[in-house]
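Asker: Below is the file start.txt, with compact mmCIF, C-alpha atoms and all ligand atoms.
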# COMPACT_ATOMS: atom_id res chain seq x y z
CA MET Q 1323 -67.72 5.87 -22.47
CA SER Q 1324 -65.32 5.13 -25.26
CA SER Q 1325 -61.75 4.53 -24.24
CA LEU Q 1326 -58.76 6.74 -24.68
CA ARG Q 1327 -57.05 6.20 -28.00
CA VAL Q 1328 -53.29 6.51 -28.21
CA LEU Q 1329 -51.52 6.38 -31.56
CA THR Q 1330 -47.86 6.10 -32.47
CA GLY Q 1331 -46.22 6.05 -35.89
CA ILE Q 1332 -42.73 4.74 -36.56
CA THR Q 1333 -40.99 5.77 -39.75
CA THR Q 1334 -39.47 2.76 -41.50
CA THR Q 1335 -36.05 3.99 -42.47
CA GLY Q 1336 -33.64 2.36 -40.05
CA THR Q 1337 -32.88 -0.50 -37.70
CA PRO Q 1338 -34.00 0.11 -34.12
CA HIS Q 1339 -31.19 0.62 -31.62
CA LEU Q 1340 -31.03 0.55 -27.85
CA GLY Q 1341 -31.96 4.24 -27.66
CA ASN Q 1342 -35.19 3.61 -29.59
CA TYR Q 1343 -35.93 0.71 -27.29
CA VAL Q 1344 -35.55 2.70 -24.06
CA GLY Q 1345 -37.04 5.92 -25.42
CA ALA Q 1346 -39.95 4.59 -27.48
CA ILE Q 1347 -40.52 0.85 -27.74
CA ARG Q 1348 -40.34 -0.12 -24.08
CA PRO Q 1349 -42.59 2.71 -22.76
CA ALA Q 1350 -45.07 2.19 -25.61
CA VAL Q 1351 -45.34 -1.53 -25.02
CA ALA Q 1352 -45.85 -0.85 -21.30
CA ALA Q 1353 -48.53 1.76 -22.08
CA SER Q 1354 -50.31 -0.66 -24.40
CA LEU Q 1355 -51.04 -2.82 -21.38
CA ASN Q 1356 -52.97 -0.02 -19.61
CA ALA Q 1357 -56.63 -0.82 -19.18
CA GLY Q 1358 -58.96 1.77 -20.66
CA THR Q 1359 -56.60 2.55 -23.53
CA GLU Q 1360 -56.85 1.51 -27.14
CA SER Q 1361 -53.42 1.62 -28.70
CA PHE Q 1362 -52.54 2.08 -32.35
CA TYR Q 1363 -49.00 1.40 -33.57
CA PHE Q 1364 -48.20 1.63 -37.20
CA LEU Q 1365 -45.22 1.48 -39.51
CA ALA Q 1366 -45.16 4.82 -41.31
CA ASP Q 1367 -43.81 3.56 -44.62
CA TYR Q 1368 -45.41 6.32 -46.71
CA HIS Q 1369 -43.50 8.77 -44.53
CA ALA Q 1370 -40.35 6.74 -45.08
CA LEU Q 1371 -40.57 7.40 -48.84
CA ILE Q 1372 -40.06 11.08 -48.14
CA LYS Q 1373 -36.62 10.44 -46.67
CA CYS Q 1374 -35.47 7.28 -48.36
CA GLU Q 1375 -35.37 6.26 -52.00
CA ASP Q 1376 -33.89 2.83 -51.43
CA PRO Q 1377 -36.70 0.26 -51.80
CA ALA Q 1378 -34.72 -2.60 -50.26
CA ARG Q 1379 -33.96 -0.51 -47.22
CA ILE Q 1380 -37.61 0.48 -46.72
CA GLN Q 1381 -38.63 -3.17 -46.92
CA ARG Q 1382 -35.87 -4.35 -44.59
CA SER Q 1383 -36.57 -1.61 -42.10
CA THR Q 1384 -40.28 -2.44 -42.09
CA LEU Q 1385 -39.44 -6.05 -41.31
CA GLU Q 1386 -36.93 -5.18 -38.59
CA ILE Q 1387 -39.11 -2.62 -36.88
CA ALA Q 1388 -42.13 -4.92 -36.92
CA ALA Q 1389 -40.03 -7.77 -35.52
CA SER Q 1390 -38.54 -5.49 -32.84
CA TRP Q 1391 -41.88 -4.29 -31.55
CA LEU Q 1392 -43.31 -7.78 -31.52
CA ALA Q 1393 -40.21 -9.19 -29.83
CA ALA Q 1394 -40.41 -6.43 -27.22
CA GLY Q 1395 -43.82 -7.70 -26.21
CA LEU Q 1396 -46.37 -5.84 -28.29
CA ASN Q 1397 -49.43 -8.05 -28.50
CA PRO Q 1398 -50.99 -7.64 -31.96
CA ASP Q 1399 -54.27 -9.11 -30.74
CA LYS Q 1400 -54.63 -6.47 -28.03
CA VAL Q 1401 -53.52 -3.40 -30.00
CA PHE Q 1402 -53.91 -2.18 -33.55
CA PHE Q 1403 -50.60 -2.92 -35.24
CA TYR Q 1404 -50.46 -2.22 -38.95
CA ARG Q 1405 -48.52 -0.86 -41.88
CA GLN Q 1406 -49.64 2.57 -43.06
CA SER Q 1407 -49.54 1.63 -46.76
CA ASP Q 1408 -52.02 -1.19 -46.14
CA ILE Q 1409 -54.68 1.38 -45.27
CA PRO Q 1410 -55.81 3.02 -48.54
CA GLU Q 1411 -58.11 5.33 -46.59
CA ILE Q 1412 -55.05 7.19 -45.25
CA PRO Q 1413 -53.92 8.69 -48.57
CA GLU Q 1414 -57.57 9.29 -49.39
CA LEU Q 1415 -58.04 11.28 -46.20
CA THR Q 1416 -54.77 13.06 -46.89
CA TRP Q 1417 -56.37 14.61 -49.95
CA LEU Q 1418 -59.50 15.73 -48.11
CA LEU Q 1419 -57.32 17.38 -45.48
CA THR Q 1420 -55.07 18.91 -48.13
CA CYS Q 1421 -58.10 20.77 -49.43
CA VAL Q 1422 -58.87 22.41 -46.08
CA THR Q 1423 -55.26 23.24 -45.22
CA GLY Q 1424 -53.86 26.67 -45.90
CA LYS Q 1425 -50.65 26.49 -47.89
CA GLY Q 1426 -49.36 29.13 -45.50
CA LEU Q 1427 -49.79 26.72 -42.60
CA LEU Q 1428 -47.51 24.21 -44.32
CA ASN Q 1429 -44.99 26.93 -45.20
CA ARG Q 1430 -44.42 27.28 -41.48
CA ALA Q 1431 -43.73 23.62 -40.72
CA HIS Q 1432 -40.34 23.40 -39.00
CA ALA Q 1433 -38.85 20.76 -41.30
CA TYR Q 1434 -39.87 22.58 -44.46
CA LYS Q 1435 -38.80 25.94 -43.08
CA ALA Q 1436 -35.41 24.53 -42.08
CA ALA Q 1437 -34.87 23.28 -45.64
CA VAL Q 1438 -35.84 26.66 -47.08
CA ASP Q 1439 -33.63 28.53 -44.60
CA LYS Q 1440 -30.72 26.31 -45.49
CA ASN Q 1441 -31.19 26.94 -49.21
CA THR Q 1442 -31.58 30.65 -48.67
CA ALA Q 1443 -28.39 30.77 -46.63
CA ALA Q 1444 -26.60 28.88 -49.40
CA GLY Q 1445 -27.94 31.32 -51.98
CA THR Q 1446 -29.83 28.64 -53.92
CA ASP Q 1447 -33.50 28.56 -54.86
CA PRO Q 1448 -35.51 28.38 -51.60
CA ASP Q 1449 -37.24 25.17 -52.68
CA SER Q 1450 -34.16 23.55 -54.13
CA GLU Q 1451 -34.24 19.77 -53.54
CA VAL Q 1452 -37.44 20.09 -51.50
CA THR Q 1453 -40.01 17.53 -52.63
CA ALA Q 1454 -43.71 18.14 -52.38
CA GLY Q 1455 -43.66 15.06 -50.14
CA LEU Q 1456 -41.60 16.90 -47.54
CA PHE Q 1457 -43.94 19.85 -47.83
CA MET Q 1458 -47.00 17.64 -47.39
CA TYR Q 1459 -45.53 15.59 -44.54
CA PRO Q 1460 -47.74 17.22 -41.88
CA VAL Q 1461 -50.92 16.50 -43.85
CA LEU Q 1462 -50.12 12.81 -44.22
CA MET Q 1463 -49.33 12.68 -40.52
CA ALA Q 1464 -52.61 14.41 -39.69
CA ALA Q 1465 -54.44 11.79 -41.75
CA ASP Q 1466 -52.72 9.02 -39.75
CA ILE Q 1467 -53.91 10.58 -36.54
CA LEU Q 1468 -57.38 11.79 -37.47
CA MET Q 1469 -58.32 8.59 -39.29
CA PHE Q 1470 -58.48 6.71 -36.01
CA LYS Q 1471 -59.92 9.49 -33.87
CA SER Q 1472 -56.87 9.35 -31.64
CA HIS Q 1473 -56.84 11.47 -28.50
CA LYS Q 1474 -53.20 11.26 -27.40
CA ILE Q 1475 -50.09 11.13 -29.54
CA PRO Q 1476 -46.93 10.38 -27.57
CA VAL Q 1477 -44.16 12.22 -29.39
CA GLY Q 1478 -40.85 13.93 -28.89
CA ARG Q 1479 -40.70 17.70 -28.71
CA ASP Q 1480 -39.76 17.97 -32.38
CA GLN Q 1481 -43.16 16.58 -33.34
CA ILE Q 1482 -45.39 18.89 -31.27
CA GLN Q 1483 -45.93 21.26 -34.15
CA HIS Q 1484 -47.19 18.42 -36.32
CA ILE Q 1485 -49.80 17.50 -33.74
CA GLU Q 1486 -50.90 21.12 -33.51
CA MET Q 1487 -51.22 21.22 -37.27
CA ALA Q 1488 -53.33 18.05 -37.18
CA ARG Q 1489 -55.58 19.80 -34.67
CA ASP Q 1490 -55.86 22.82 -36.94
CA MET Q 1491 -56.79 20.64 -39.90
CA ALA Q 1492 -59.33 18.73 -37.84
CA SER Q 1493 -60.98 21.90 -36.62
CA SER Q 1494 -61.04 23.44 -40.10
CA PHE Q 1495 -62.69 20.33 -41.44
CA ASN Q 1496 -65.16 20.13 -38.57
CA HIS Q 1497 -65.99 23.77 -39.03
CA LEU Q 1498 -66.78 23.28 -42.70
CA TYR Q 1499 -68.42 19.88 -42.70
CA GLY Q 1500 -69.62 19.16 -39.17
CA GLU Q 1501 -68.04 17.41 -36.20
CA HIS Q 1502 -66.28 14.39 -37.67
CA PHE Q 1503 -62.81 14.50 -36.15
CA VAL Q 1504 -61.49 14.24 -32.62
CA LEU Q 1505 -58.96 16.99 -31.90
CA PRO Q 1506 -55.72 15.19 -30.96
CA GLU Q 1507 -53.22 16.23 -28.33
CA ALA Q 1508 -49.49 15.66 -28.08
CA ALA Q 1509 -48.45 13.65 -25.02
CA ILE Q 1510 -44.89 14.48 -24.08
CA GLU Q 1511 -43.30 11.87 -21.87
CA GLU Q 1512 -40.99 13.89 -19.65
CA SER Q 1513 -39.82 10.94 -17.62
CA VAL Q 1514 -38.71 8.75 -20.52
CA ALA Q 1515 -34.97 8.49 -20.68
CA THR Q 1516 -32.98 9.64 -23.66
CA LEU Q 1517 -30.12 7.26 -23.77
CA PRO Q 1518 -26.57 8.50 -24.32
CA GLY Q 1519 -24.65 6.77 -27.07
CA LEU Q 1520 -21.17 5.25 -27.14
CA ASP Q 1521 -19.55 8.70 -27.24
CA GLY Q 1522 -21.76 10.26 -24.54
CA ARG Q 1523 -23.89 12.30 -26.93
CA LYS Q 1524 -27.57 11.37 -27.36
CA MET Q 1525 -27.77 7.94 -28.98
CA SER Q 1526 -28.67 8.59 -32.58
CA LYS Q 1527 -28.10 7.03 -35.94
CA SER Q 1528 -26.88 10.37 -37.25
CA TYR Q 1529 -24.02 10.42 -34.71
CA ASP Q 1530 -23.08 6.83 -35.52
CA ASN Q 1531 -22.87 6.10 -31.78
CA THR Q 1532 -25.65 3.54 -31.41
CA ILE Q 1533 -25.76 0.17 -29.72
CA ALA Q 1534 -27.63 -2.38 -31.81
CA LEU Q 1535 -30.82 -3.64 -30.20
CA PHE Q 1536 -30.81 -7.30 -31.11
CA ALA Q 1537 -27.21 -7.93 -32.08
CA PRO Q 1538 -25.74 -11.27 -30.91
CA ALA Q 1539 -24.53 -11.12 -27.31
CA ALA Q 1540 -20.86 -11.09 -28.34
CA GLN Q 1541 -21.42 -8.02 -30.50
CA LEU Q 1542 -23.42 -6.29 -27.76
CA ARG Q 1543 -20.54 -6.89 -25.38
CA LYS Q 1544 -18.00 -5.57 -27.86
CA GLN Q 1545 -20.01 -2.39 -28.42
CA ILE Q 1546 -20.38 -1.83 -24.69
CA MET Q 1547 -16.64 -2.23 -24.24
CA GLY Q 1548 -16.32 0.66 -26.71
CA ILE Q 1549 -18.23 3.17 -24.54
CA VAL Q 1550 -16.06 6.22 -23.97
CA THR Q 1551 -14.91 6.70 -20.35
CA ASP Q 1552 -12.30 8.84 -18.65
CA SER Q 1553 -8.87 7.51 -17.80
CA ARG Q 1554 -9.30 6.88 -14.09
CA ALA Q 1555 -7.44 3.78 -12.99
CA PRO Q 1556 -8.95 0.82 -11.13
CA GLY Q 1557 -9.28 1.71 -7.46
CA GLU Q 1558 -9.84 5.39 -8.16
CA ALA Q 1559 -13.36 6.68 -7.37
CA LYS Q 1560 -15.41 7.35 -10.54
CA GLU Q 1561 -17.96 10.04 -11.33
CA THR Q 1562 -21.50 8.82 -12.05
CA GLU Q 1563 -22.51 12.32 -13.08
CA GLY Q 1564 -22.08 12.67 -16.84
CA SER Q 1565 -21.03 9.05 -17.25
CA ALA Q 1566 -22.72 7.52 -20.31
CA LEU Q 1567 -21.96 4.08 -18.95
CA PHE Q 1568 -23.75 4.85 -15.70
CA GLN Q 1569 -26.74 6.42 -17.42
CA ILE Q 1570 -27.22 3.47 -19.72
CA TYR Q 1571 -27.04 1.15 -16.74
CA GLN Q 1572 -29.64 3.21 -14.94
CA ALA Q 1573 -32.03 2.91 -17.89
CA PHE Q 1574 -32.10 -0.86 -17.40
CA ALA Q 1575 -31.63 -1.33 -13.68
CA SER Q 1576 -33.95 -1.14 -10.68
CA ALA Q 1577 -33.41 1.69 -8.19
CA GLN Q 1578 -31.67 -0.77 -5.91
CA GLU Q 1579 -29.31 -2.02 -8.59
CA THR Q 1580 -28.55 1.55 -9.60
CA GLU Q 1581 -27.66 2.43 -6.02
CA ALA Q 1582 -25.30 -0.53 -5.80
CA PHE Q 1583 -23.68 0.50 -9.06
CA ARG Q 1584 -23.26 4.06 -7.78
CA GLN Q 1585 -21.50 2.64 -4.73
CA ALA Q 1586 -19.22 0.56 -6.96
CA PHE Q 1587 -18.26 3.76 -8.79
CA ARG Q 1588 -17.39 5.42 -5.47
CA ASP Q 1589 -15.40 2.36 -4.51
CA GLY Q 1590 -13.32 2.64 -7.65
CA ILE Q 1591 -14.64 -0.20 -9.83
CA ALA Q 1592 -12.39 -0.72 -12.87
CA TRP Q 1593 -13.96 0.55 -16.12
CA GLY Q 1594 -13.61 -2.91 -17.64
CA ASP Q 1595 -15.57 -4.44 -14.78
CA ALA Q 1596 -18.21 -1.72 -14.93
CA LYS Q 1597 -18.66 -2.41 -18.63
CA GLN Q 1598 -18.96 -6.12 -18.00
CA ALA Q 1599 -21.65 -5.40 -15.37
CA LEU Q 1600 -23.50 -3.19 -17.83
CA PHE Q 1601 -23.31 -5.84 -20.52
CA GLU Q 1602 -24.70 -8.47 -18.17
CA ARG Q 1603 -27.53 -6.22 -17.02
CA ILE Q 1604 -28.63 -5.33 -20.57
CA ASP Q 1605 -28.22 -8.86 -21.79
CA ARG Q 1606 -30.45 -10.11 -19.00
CA GLU Q 1607 -33.31 -7.99 -20.37
CA MET Q 1608 -32.47 -8.50 -24.01
CA ALA Q 1609 -31.67 -12.21 -24.25
CA PRO Q 1610 -35.27 -13.50 -24.28
CA MET Q 1611 -36.33 -10.75 -26.67
CA ARG Q 1612 -33.38 -11.43 -28.92
CA GLU Q 1613 -34.46 -15.02 -29.16
CA ARG Q 1614 -37.99 -13.99 -30.17
CA TYR Q 1615 -36.56 -11.43 -32.59
CA ASP Q 1616 -34.33 -13.95 -34.29
CA SER Q 1617 -37.14 -16.40 -34.76
CA LEU Q 1618 -39.45 -13.68 -36.13
CA ILE Q 1619 -36.83 -12.40 -38.57
CA ALA Q 1620 -36.27 -15.96 -39.72
CA ASN Q 1621 -39.95 -16.16 -40.56
CA PRO Q 1622 -40.92 -12.99 -42.43
CA ALA Q 1623 -44.10 -14.58 -43.78
CA GLN Q 1624 -45.39 -14.74 -40.24
CA ILE Q 1625 -44.72 -11.02 -39.75
CA GLU Q 1626 -46.39 -10.23 -43.05
CA ALA Q 1627 -49.47 -12.17 -41.92
CA ILE Q 1628 -49.54 -10.29 -38.61
CA LEU Q 1629 -49.35 -6.95 -40.41
CA LEU Q 1630 -52.07 -7.86 -42.88
CA ALA Q 1631 -54.34 -9.06 -40.09
CA GLY Q 1632 -53.66 -5.81 -38.25
CA ALA Q 1633 -54.54 -3.80 -41.33
CA ALA Q 1634 -57.77 -5.74 -41.76
CA ARG Q 1635 -58.76 -4.84 -38.21
CA ALA Q 1636 -57.77 -1.21 -38.62
CA ARG Q 1637 -59.74 -0.98 -41.84
CA GLN Q 1638 -62.88 -2.05 -40.01
CA LEU Q 1639 -62.59 1.42 -38.48
CA SER Q 1640 -61.11 3.41 -41.36
CA ALA Q 1641 -63.33 2.17 -44.20
CA PRO Q 1642 -66.71 3.12 -42.68
CA PHE Q 1643 -65.26 6.39 -41.38
CA MET Q 1644 -64.03 7.22 -44.87
CA THR Q 1645 -67.50 6.53 -46.23
CA GLU Q 1646 -68.87 9.01 -43.71
CA LEU Q 1647 -66.25 11.61 -44.68
CA ARG Q 1648 -66.87 11.18 -48.40
CA GLN Q 1649 -70.55 11.77 -47.73
CA ALA Q 1650 -69.77 14.83 -45.69
CA VAL Q 1651 -67.73 16.56 -48.39
CA GLY Q 1652 -70.12 15.67 -51.19
CA LEU Q 1653 -68.34 12.71 -52.79
CA ARG Q 1654 -71.58 10.79 -52.88
CA SER Q 1655 -74.13 9.12 -55.07
CA VAL Q 1656 -75.81 11.53 -57.46
CA ALA Q 1657 -78.96 9.43 -57.18
CA LYS Q 1658 -79.55 10.52 -53.61
CA PRO Q 1659 -81.30 13.79 -52.81
CA ALA Q 1660 -78.82 16.57 -52.15
CA THR Q 1661 -78.40 17.65 -48.55
CA ALA Q 1662 -77.04 20.91 -47.23
CA ALA Q 1663 -73.40 21.75 -47.68
CA ARG Q 1664 -72.97 21.44 -43.95
CA PRO Q 1665 -75.15 20.49 -41.05
CA ALA Q 1666 -77.08 23.35 -39.56
CA ARG Q 1667 -74.90 24.83 -36.87
CA GLU Q 1668 -76.25 25.94 -33.58
CA LYS Q 1669 -75.88 29.62 -33.14
CA ALA Q 1670 -72.59 30.10 -31.36
CA SER Q 1671 -73.03 31.19 -27.81
CA GLY Q 1672 -70.34 33.52 -26.64
CA LEU Q 1673 -68.12 35.80 -28.66
CA PRO Q 1674 -64.99 35.00 -30.61
CA THR Q 1675 -61.82 35.85 -28.71
CA PHE Q 1676 -58.25 36.84 -29.45
CA LYS Q 1677 -55.44 34.93 -27.78
CA GLN Q 1678 -51.78 35.90 -27.76
CA TYR Q 1679 -48.97 33.40 -27.50
CA ARG Q 1680 -45.30 32.89 -28.18
CA GLU Q 1681 -44.04 30.27 -30.63
CA ARG Q 1682 -40.89 28.20 -30.64
CA ASP Q 1683 -39.36 30.61 -33.15
CA GLY Q 1684 -39.35 33.20 -30.34
CA LEU Q 1685 -41.87 35.45 -32.09
CA PHE Q 1686 -45.21 36.62 -30.71
CA TYR Q 1687 -48.47 35.67 -32.39
CA PHE Q 1688 -52.17 36.02 -31.88
CA LYS Q 1689 -55.13 34.03 -33.09
CA LEU Q 1690 -58.85 34.51 -33.22
CA THR Q 1691 -60.97 31.58 -32.10
CA ASP Q 1692 -64.72 31.18 -32.07
CA ALA Q 1693 -66.72 30.18 -29.01
CA GLN Q 1694 -66.03 26.49 -29.76
CA GLY Q 1695 -62.29 27.02 -29.89
CA GLN Q 1696 -62.05 26.78 -33.68
CA VAL Q 1697 -59.13 28.87 -34.93
CA LEU Q 1698 -60.39 31.38 -37.49
CA LEU Q 1699 -57.41 33.64 -37.96
CA GLN Q 1700 -53.71 33.57 -37.17
CA SER Q 1701 -51.28 36.43 -37.20
CA ARG Q 1702 -47.78 36.45 -38.56
CA GLY Q 1703 -44.98 36.64 -36.02
CA PHE Q 1704 -44.20 39.90 -34.22
CA GLU Q 1705 -40.78 40.65 -32.77
CA GLN Q 1706 -42.39 42.54 -29.90
CA PRO Q 1707 -45.56 41.45 -28.10
CA ARG Q 1708 -46.65 45.10 -27.96
CA ALA Q 1709 -46.73 45.36 -31.74
CA ALA Q 1710 -49.67 42.94 -31.89
CA GLY Q 1711 -51.90 45.20 -29.75
CA PRO Q 1712 -52.87 47.79 -32.36
CA VAL Q 1713 -53.56 45.10 -34.94
CA ILE Q 1714 -55.87 43.26 -32.56
CA ALA Q 1715 -57.59 46.54 -31.68
CA ALA Q 1716 -58.15 47.40 -35.34
CA LEU Q 1717 -59.57 43.95 -36.02
CA THR Q 1718 -61.82 44.06 -32.98
CA GLN Q 1719 -63.32 47.42 -33.89
CA GLY Q 1720 -63.22 47.37 -37.65
CA GLY Q 1721 -65.31 44.30 -38.43
CA ALA Q 1722 -64.83 42.31 -41.62
CA ALA Q 1723 -63.42 45.35 -43.43
CA ALA Q 1724 -60.42 45.35 -41.11
CA LEU Q 1725 -59.33 41.98 -42.49
CA ALA Q 1726 -58.10 43.47 -45.73
CA GLN Q 1727 -56.54 46.48 -43.99
CA GLN Q 1728 -54.53 44.27 -41.64
CA ALA Q 1729 -53.73 41.59 -44.23
CA ALA Q 1730 -49.99 42.22 -43.98
CA TYR Q 1731 -50.06 41.01 -40.37
CA LEU Q 1732 -52.16 37.94 -41.01
CA GLN Q 1733 -51.29 34.49 -42.17
CA ASP Q 1734 -52.78 33.32 -45.44
CA ASP Q 1735 -55.70 31.00 -45.08
CA THR Q 1736 -58.39 29.19 -46.98
CA PRO Q 1737 -61.28 31.24 -48.37
CA ALA Q 1738 -63.68 29.35 -46.14
CA LEU Q 1739 -61.78 30.28 -42.99
CA ARG Q 1740 -61.41 33.87 -44.18
CA GLN Q 1741 -65.16 33.97 -44.55
CA ALA Q 1742 -65.65 32.63 -41.03
CA ALA Q 1743 -63.14 35.14 -39.67
CA ALA Q 1744 -64.98 37.97 -41.42
CA SER Q 1745 -68.29 37.08 -39.77
CA ALA Q 1746 -66.59 36.66 -36.40
CA LEU Q 1747 -65.10 40.15 -36.66
CA ASP Q 1748 -68.46 41.59 -37.63
CA GLN Q 1749 -69.93 39.89 -34.60
CA LEU Q 1750 -67.23 41.43 -32.39
CA ALA Q 1751 -67.67 44.91 -33.84
CA GLU Q 1752 -71.42 44.60 -33.39
CA ALA Q 1753 -70.98 43.56 -29.76
CA ALA Q 1754 -68.61 46.51 -29.17
CA ARG Q 1755 -71.17 48.94 -30.57
CA ALA Q 1756 -73.95 47.43 -28.47
CA SER Q 1757 -72.07 47.70 -25.21
N1 LIG R 1801 -43.36 11.94 -37.86
C1 LIG R 1801 -43.15 10.88 -36.92
C2 LIG R 1801 -41.64 10.81 -36.59
O1 LIG R 1801 -40.84 11.22 -37.39
C3 LIG R 1801 -43.63 9.54 -37.45
C4 LIG R 1801 -45.10 9.57 -37.67
C5 LIG R 1801 -45.76 9.50 -38.85
C6 LIG R 1801 -46.08 9.69 -36.65
N2 LIG R 1801 -47.10 9.58 -38.65
C7 LIG R 1801 -47.34 9.70 -37.31
C8 LIG R 1801 -46.01 9.81 -35.26
C9 LIG R 1801 -48.52 9.83 -36.59
C10 LIG R 1801 -47.20 9.95 -34.54
C11 LIG R 1801 -48.45 9.95 -35.21
O2 LIG R 1801 -41.30 10.35 -35.54
Can you present the structure in this file as structure tokens?
Ligand code: TRP
Answerer:
Amino acid sequence: MSSLRVLTGITTTGTPHLGNYVGAIRPAVAASLNAGTESFYFLADYHALIKCEDPARIQRSTLEIAASWLAAGLNPDKVFFYRQSDIPEIPELTWLLTCVTGKGLLNRAHAYKAAVDKNTAAGTDPDSEVTAGLFMYPVLMAADILMFKSHKIPVGRDQIQHIEMARDMASSFNHLYGEHFVLPEAAIEESVATLPGLDGRKMSKSYDNTIALFAPAAQLRKQIMGIVTDSRAPGEAKETEGSALFQIYQAFASAQETEAFRQAFRDGIAWGDAKQALFERIDREMAPMRERYDSLIANPAQIEAILLAGAARARQLSAPFMTELRQAVGLRSVAKPATAARPAREKASGLPTFKQYRERDGLFYFKLTDAQGQVLLQSRGFEQPRAAGPVIAALTQGGAAALAQQAAYLQDDTPALRQAAASALDQLAEAARAS
């Protein structure tokens, strides 16, 4: 049996901070050591171009992120560790996926929709300042994922929709051209800590409340001394609940250490002493990594070589797969005899079914899937779940003709999927008549 493939992309626009370390780097490095897993980690520098037009910053960030992951213990011989832009098959696959993706699907991507909503609220053109890159973001991300037949994608909640879109694209492609792609799933790590920042809000570059990951010890200490606390005096018992200082400590300490720290809070440890203890605890974990980081950063040619070697390994998978995909869609030698547009499909056993669900936008939707789970049709959002009922009934009874009648309730899709939906509805209507 082939092993489970886990894939993670890191956009190269910033310098990793302590929150990234606790929330992403540390758990990912730990997971990469699991037997039975093949891990893929890549620097999403094509994605970075969507958000950042400063070439020096992209380059610097790529270097720093690569050095951080390596310093944190990622073993480039055991995992696939590469830079997205070193894999030419990724943009190539992006185009193939673009051609099977409904524009309507991309219209509904959260990031794009948020930009449009913001423009609309401001009374400007809906697409004002929206690049086609932002619009296409989910397709590029799907190519990252599908290229390596990844099963699990560990992501934050904000990325779930992108994984679902990658699934949709994979199943559209499979439906049209045969089973080439693995359908990926989002893996949401509930137990991973989100670290509070200096001001107690979630640690994030956009709040300017981060603690640098590999800053010199003196700077780390200075930043920790700047963590916001209340004004309780030494000797007064302190609350652990809601204390950023305590939570950060907990993210680094063993259960036993945490318990001792909790007791110190009850016993009225002075904030200055608590901060010193936190500094020492973090520095204990960070000092050896910082040393590795500094020596890596001092030797960028070594990092470049690691990335290029990683890309060469990854391309041993992506290049032959791309050849297969080009064949599948008909980008092939004209000297060879033509084969069918798609492999003969076994007659589907079982009927297509409607499923209703609620989306993050709070609206109610339904979709029609065939017996293999391929999505053939998706509705627009309904305010009330009841409103979907009559539309589903009309589609179930009316066959292909009902598609046009109910068009106002349906999301736009590719002609190929429309065609598949039409035959599925005919099949349903036929079954209804027969029963
Ligand atoms: N969109 C991801 C983020 O902003 C980064 C990313 C790009 C990614 N391609 C990916 C993550 C593929 C997982 C899989 O965090």
Asker: To one decimal place in Å, what is the distance between atom CA of Q:Ala1716 and atom CA of Q:Gln1728?
Answerer: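 Pair atom CA of Q:Ala1716 / atom CA of Q:Gln1728 returns 7.9 Å.
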Asker: Tell me which of Q:Tyr1459, Q:Ala1443, Q:Lys1425, Q:Ile1387 sits closest to ligand LIG 1801 (chain R), counting all atoms listed in the file.
Answerer: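 Closest residue, counting all atoms listed in the file: Q:Tyr1459.
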Asker: Pick from Q:Pro1622, Q:Gly1695, Q:Pro1674, Q:Gly1478: nearest to Q:Ser1745, with all atoms listed in the file counted?
Answerer: Q:Pro1674
Asker: To one decimal place in Å, what is the distance between atom C1 of ligand LIG 1801 (chain R) and atom CA of Q:Tyr1404?
Answerer: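 Those two atoms sit 15.1 Å apart.
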Asker: Which residues are near ligand LIG 1801 (chain R) - at most 9 Å, using only C-alpha atoms and all ligand atoms? Format: as an MDAnalysis selection string.
Answerer: chainID Q and resid 1329:1334 1363:1370 1406 1459:1460 1462:1467 1475:1478 1480:1481 1484:1485 1508
Asker: Assuming 3 Å of padding per side, give the centre and edge lengths of the axis-aligned box around every listed atom of stretch 1680-1693 of chain Q, in Å to one decimal and as AutoDock Vina command-line options.
Answerer:
--center_x -53.0 --center_y 32.4 --center_z -30.7 --size_x 33.4 --size_y 14.4 --size_z 11.0
Asker: Extract, using all atoms listed in the file, all DNA, RNA and protein residues at most 12 Å from Q:Ala1627, discarding same-chain residues fewer than 2 positions from it, and format them as number ranges by chain.
Answerer: Q: 1385, 1388, 1398, 1403-1405, 1618, 1621-1625, 1629-1634
Asker: Looking at Q:Val1697, Q:Ala1436, Q:Ala1509, Q:Ala1715, which one is nearest to Q:Ala1742, with distances taken over all atoms listed in the file?
Answerer: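 Looking only at the distances to Q:Ala1742, the closest residue turns out to be Q:Val1697.
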Asker: Interatomic distance between atom CA of Q:Thr1645 and atom CA of Q:Ser1472?
Answerer: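 So the two atoms, atom CA of Q:Thr1645 and atom CA of Q:Ser1472, lie 18.3 Å apart.
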